[in-house]
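Asks: Take a look at this one; I'll ask things after.
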Number of protein chains: 2
Amino acid sequence: MPRPRQENLRSTEGQLSDRARQLLTTLVERYIRDGEPVGSRTLSRDSGLDLSPATIRNIMADLEELGMVRSPHTSAGRVPTARGYRLFVDALLTVKPLDGREVARLQRELLEKMEPARGDSQSLMTTTSSLLSGVTQMAGLVTIPKRDFGAWRQVEFLPLSDNRVLAILVVNEREVQNRILELDRAYSQSELQQFANYLNTHFAGRDVGQIRASLLKELRNTRESMNDMMAAAITMAEQMFERAPPDEDYVLAGETHLMEFAELSNVDKLRQLFEAFNKKREILHLLDQCVAADGVQIFIGEESGYQVLDECSVVTAPYRVNEELVGVLGVIGPTRMAYERVIPIVDMTAKLLSAALNPRK
Amino acid sequence: MPRPRQENLRSTEGQLSDRARQLLTTLVERYIRDGEPVGSRTLSRDSGLDLSPATIRNIMADLEELGMVRSPHTSAGRVPTARGYRLFVDALLTVKPLDGREVARLQRELLEKMEPARGDSQSLMTTTSSLLSGVTQMAGLVTIPKRDFGAWRQVEFLPLSDNRVLAILVVNEREVQNRILELDRAYSQSELQQFANYLNTHFAGRDVGQIRASLLKELRNTRESMNDMMAAAITMAEQMFERAPPDEDYVLAGETHLMEFAELSNVDKLRQLFEAFNKKREILHLLDQCVAADGVQIFIGEESGYQVLDECSVVTAPYRVNEELVGVLGVIGPTRMAYERVIPIVDMTAKLLSAALNPRK
DNA sequence: CACTGGCACTCAAAGTCATTGAGTGCTAAA
DNA sequence: TTTAGCACTCAATGACTTTGAGTGCCAGTG
């Protein structure tokens, strides 16, 4: 017993008539499958609603008014807009729970490829990124955490010219980070050795994130009971954490897949997109927004707010270390992507990466 | 007094009549400038030879028979072939000696941008690559030397699980390299410390390349007079040098410029090219051939032997550290590039990079 | 001879035109 | 509310023509 048409028309997306929802769903599914505007005849045949094309045309007119679909030109079928995709993804999509075999395959592949990278999170991320791209045939993306994590292994200080010191920190099994510290005065080799010893005995084995977050503060509070050496060592450690590793900020893989999509075959658009990948700033800014939200995040087309991503969607999920969200991974592809497949893949991969990054039990 | 036509026709490139050379030169120059097939009328007007189009057509027919030019289709003008470009580049091109101002500008820019990267050759190479790309508006390329160089600063060994050891080597001011060594047995912390001390006192300040090349051998020869500790330390150093840094092999910059060239606007070609950039293998193989030859090397179109580079030319020059050729830099662009500008730029940049890499006097 | 004028010929590019077919919106009737 | 019917739109396709830049070849000329 459909409600009066007027009401449906004016109502918000959530209140769209069941018929309209059903039609939008089939439309989006068709369009994702074939990439061609979908006409009323096709919908009449395939929606399973037993409505004539004419009726469907009426409903399509409504959907168009709501900004869910649009026609590329008068005599073409309809194509989903970003808003249409959005509704589809939020409410209409039936995410296949990623059938058991596929999970297993993914898991096996990831673990296999990750194995040699164990203990070196950088290459773990590279691997994950190219895995994502391989499985989805789109561009894979993994951010490199700004926040440190992993088990403090050992630190080493090397005096440079002036008041500068090279700090080398080994984390986990075999991850080597290094940064340059600017200090208030020059320190001798043996002083630096003392600092290193002090820090190493205190911090070895502890999680770097925790050291940064709490331990340093605690120690600082007991300052009165410290000698100068300890205080200086703590200051150095602090500075070390301040200067974020100036490393790359994300690992991109399989960008070239994006060249295959008809909707991006415009060379100029493509160029802008690739330049954005190189500049990293915009993309990174977008990804930053995804760390916060737990779970899968999706930006569809213009939603992202970045013009270069106009015809792209970004599907991301954060990954965690020690129960804490530290980074994001995901894929970039055309708006017209198989969301029902991509979403669980991204979700799964984030979980697998988290598992691989977390200290072995 | 031109020699008989027959003879010219059959003769090798070197013996081409002056007229033919002259015409080929103008043709190539025109084509590089406008990117359009050059017809006999144009050549008649612009070659400065005062010949009728008809005569020129005859000569063009000869050049075509020699494989120097070809017509895209019957009623188009002529376009240089790889062989035509080759002759042009080898014999006909007048390389502007890169006027003083431009040298200065380049030099200033390079030095300016390199300054913050001093003491860290990795980022020096990244900078150089993007500088090359910026100046030429094509893709810039700098290989990362396989051979080590720079001044040994300090080494540090960290025991890992089993018989594995993490070696951290600091070179120059602040370049940190690390690799994993597989040893015959497990060594204790203090043993490793001893090894490190021994190596550091022996090698500090010396050139890593030389250590590898000669010093290790020398020490080995005096083996009888060594104690076990020294021998083990030497073995470790050797292993450290064996395992080449598994780093990236070259730094690419500004690939996106290549998307702007009409001759590469075919999306599919472009994709193949970018995939080759990612795989690195082929490109690297090509570059390897350039380290040997001192001076600027040029691969034109199909000459490279790699299908993806069919419509590209690669201009390279090796750079040196301590008088020794260690790496290559260059640019990749369309065959139709301004060689007379690019060649001296690449040459110059190689020299500047060499200068920046060499120990300060 | 080497060169040139002339001519027939070729071919890509661009424009015109008609045809097709998938699709629309609107209206009037069930 | 739904539908059949109808007039209309418009991208795509293909056949056709025109244009113009270019060629190859030939026969004539200094």
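By convention here, the chains of the structure tokens are called A, B, ... in the order presented, each chain's residues are numbered starting at 1, and ligands are numbered starting at 1 in the order presented.
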Give me, as JSON, numbers by chain, the residues of chain D touching chain B, with the criterion being at most 10 Å (counting only C-alpha atoms (C1' of nucleotides)).

Replies: {"D": [21, 22, 23, 24]}

Asks: Determine which residues of segment 100-150 of chain A DSSP labels as strand (DSSP E or B) from the backbone of this structure, then write them out as a short mmCIF file (atom, residue, chain, number, x, y, z; two decimals) with C-alpha atoms, in the first residue's frame.

Replies:
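Heads up, here's the output in part09.cif:
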```
data_model
loop_
_atom_site.label_atom_id
_atom_site.label_comp_id
_atom_site.auth_asym_id
_atom_site.auth_seq_id
_atom_site.Cartn_x
_atom_site.Cartn_y
_atom_site.Cartn_z
CA ALA A 139 44.91 2.13 -6.55
CA GLY A 140 45.94 0.96 -3.08
CA LEU A 141 46.87 3.31 -0.32
CA VAL A 142 48.34 2.95 3.17
CA THR A 143 49.29 5.88 5.35
#
```

Asks: So that I can see what lies close to Gly301 of chain B, please list as a PyMOL selection string the residues with an atom at most 9 Å from it, counting only C-alpha atoms (C1' of nucleotides) and leaving out residues fewer than 4 positions away in the same chain.

Replies: chain B and resi 81-82+305-307+309-314+334-335

Asks: Quick one: which residues from chain C are at most 10 Å off chain A, using only C-alpha atoms (C1' of nucleotides), as a PyMOL selection string?

Replies: chain C and resi 22-25

Asks: I need the chosen residues saved as a JSON list (two decimals), in the first residue's frame, with C-alpha atoms (C1' of nucleotides).

Replies:
```json
[["chain", "number", "residue", "atom", "x", "y", "z"],
["C", 22, "DA", "C1'", 17.31, 4.37, -27.25],
["C", 23, "DG", "C1'", 15.35, 7.25, -24.43],
["C", 24, "DT", "C1'", 12.45, 11.10, -22.77],
["C", 25, "DG", "C1'", 8.13, 14.04, -21.23]]
```

Asks: What does the structure give for the distance between atom CA of His257 of chain B and atom CA of Glu109 of chain B, in Å to one decimal?

Replies: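 For atom CA of His257 of chain B relative to atom CA of Glu109 of chain B, the distance reads 20.0 Å.
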
Asks: Taking into account only C-alpha atoms, which residue in the set B:Arg185, B:Arg164, B:Lys280, B:Arg206 is nearest to chain A?

Replies: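 With only C-alpha atoms as the atom set, the closest residue is B:Arg164.
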
Asks: Restrict the distance test to only C-alpha atoms, flag each residue of chain A within 8 Å of chain B, and return the flagged residues as a list in words.

Replies: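 Residues satisfying the distance criterion: Leu160, Leu166, Glu173, Arg174, Val176, Asn178, Thr256, Met259, Glu260, Ser265, Val267, Asp268, Arg271, Phe274 and Glu275 of chain A.
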
Asks: Using DSSP assignments from the backbone, pull out every residue in segment 144-338 of chain A that falls under helix (DSSP H, G or I) and give it to me as a ChimeraX atom specification.

Replies: /A:189-203,208-221,223-225,228-242,255-260,262-264,267-279,281-292,301-304,307-309

Asks: For segment 1-7 of chain C, list every protein, DNA or RNA residue within 9 Å, evaluated using only C-alpha atoms (C1' of nucleotides), and leave out those in the same chain fewer than 3 positions away; present the list as a list in words.

Replies: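 Near neighbours after the sequence-gap exclusion: Leu51, Ser52, Pro53, Ala54 and Thr55 of chain B; DG28 and DT29 of chain D.
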
Asks: Between atom CA of Glu102 of chain A and atom CA of Leu131 of chain A, what is the distance, to one decimal in Å?

Replies: 13.8 Å

Asks: Please compute the atom CA of Arg83 of chain A-atom CA of Leu286 of chain A distance, one decimal, in Å.

Replies: 18.7 Å

Asks: Please provide the set of residues having any atom within 12 Å of DA29 of chain C, restricted to only C-alpha atoms (C1' of nucleotides), with same-chain residues fewer than 3 positions apart removed, written as a PyMOL selection string.

Replies: chain D and resi 2-5

Asks: Tell me, as a list in words, which residues lie within 12 Å of DT20 of chain C, counting only C-alpha atoms (C1' of nucleotides); anything in the same chain fewer than 6 positions away does not count.

Replies: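 That gives DC10, DA11, DA12, DT13 and DG14 of chain D.
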
Asks: Go ahead and write the selection's residues with N, CA and C atoms (P, O5', C5', C4', C3', O3' and C1' of nucleotides) as a PDB file, in the first residue's frame.

Replies:
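Saved the output as selection05.pdb:
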```pdb
ATOM      1  P    DC D  10      17.856  18.137 -27.693  1.00  0.00           P
ATOM      2  O5'  DC D  10      18.930  16.974 -27.842  1.00  0.00           O
ATOM      3  C5'  DC D  10      18.889  15.880 -26.922  1.00  0.00           C
ATOM      4  C4'  DC D  10      19.775  14.787 -27.441  1.00  0.00           C
ATOM      5  C3'  DC D  10      20.929  15.299 -28.311  1.00  0.00           C
ATOM      6  O3'  DC D  10      22.050  14.555 -27.973  1.00  0.00           O
ATOM      7  C1'  DC D  10      19.775  13.647 -29.458  1.00  0.00           C
ATOM      8  P    DA D  11      23.484  15.231 -28.003  1.00  0.00           P
ATOM      9  O5'  DA D  11      24.379  13.934 -28.027  1.00  0.00           O
ATOM     10  C5'  DA D  11      24.238  12.996 -26.955  1.00  0.00           C
ATOM     11  C4'  DA D  11      24.582  11.624 -27.446  1.00  0.00           C
ATOM     12  C3'  DA D  11      25.930  11.519 -28.155  1.00  0.00           C
ATOM     13  O3'  DA D  11      26.521  10.309 -27.757  1.00  0.00           O
ATOM     14  C1'  DA D  11      24.196  10.853 -29.640  1.00  0.00           C
ATOM     15  P    DA D  12      27.925   9.897 -28.303  1.00  0.00           P
ATOM     16  O5'  DA D  12      27.500   8.929 -29.484  1.00  0.00           O
ATOM     17  C5'  DA D  12      26.516   7.935 -29.231  1.00  0.00           C
ATOM     18  C4'  DA D  12      26.421   7.043 -30.442  1.00  0.00           C
ATOM     19  C3'  DA D  12      27.732   6.892 -31.216  1.00  0.00           C
ATOM     20  O3'  DA D  12      27.833   5.552 -31.652  1.00  0.00           O
ATOM     21  C1'  DA D  12      26.084   7.744 -32.641  1.00  0.00           C
ATOM     22  P    DT D  13      29.176   4.986 -32.214  1.00  0.00           P
ATOM     23  O5'  DT D  13      28.795   4.588 -33.700  1.00  0.00           O
ATOM     24  C5'  DT D  13      27.476   4.096 -33.981  1.00  0.00           C
ATOM     25  C4'  DT D  13      27.185   4.282 -35.452  1.00  0.00           C
ATOM     26  C3'  DT D  13      28.418   4.212 -36.360  1.00  0.00           C
ATOM     27  O3'  DT D  13      28.312   3.050 -37.153  1.00  0.00           O
ATOM     28  C1'  DT D  13      26.936   5.964 -36.991  1.00  0.00           C
ATOM     29  P    DG D  14      29.548   2.615 -38.099  1.00  0.00           P
ATOM     30  O5'  DG D  14      29.009   3.057 -39.525  1.00  0.00           O
ATOM     31  C5'  DG D  14      27.627   2.914 -39.853  1.00  0.00           C
ATOM     32  C4'  DG D  14      27.387   3.673 -41.134  1.00  0.00           C
ATOM     33  C3'  DG D  14      28.585   3.663 -42.086  1.00  0.00           C
ATOM     34  O3'  DG D  14      28.102   3.546 -43.418  1.00  0.00           O
ATOM     35  C1'  DG D  14      27.992   5.872 -41.624  1.00  0.00           C
TER      36       DG D  14
END
```

Asks: Any idea what's packed within 8 Å of Met60 of chain A, counting only C-alpha atoms (C1' of nucleotides), ignoring anything in its chain fewer than 4 positions away? Could you give it as a short mmCIF file (atom, residue, chain, number, x, y, z; two decimals) with N, CA and C atoms, in the first residue's frame?

Replies:
```cif
data_model
loop_
_atom_site.label_atom_id
_atom_site.label_comp_id
_atom_site.auth_asym_id
_atom_site.auth_seq_id
_atom_site.Cartn_x
_atom_site.Cartn_y
_atom_site.Cartn_z
N ILE A 56 7.88 4.09 -14.48
CA ILE A 56 9.26 4.24 -14.02
C ILE A 56 9.81 5.60 -14.39
N GLU A 64 15.31 12.35 -9.99
CA GLU A 64 16.17 13.37 -10.57
C GLU A 64 16.01 14.68 -9.80
N VAL A 69 19.80 11.04 -9.35
CA VAL A 69 20.24 10.60 -10.68
C VAL A 69 20.23 11.79 -11.62
N ARG A 78 19.40 7.15 -17.21
CA ARG A 78 19.87 7.87 -16.03
C ARG A 78 21.15 7.28 -15.48
#
```
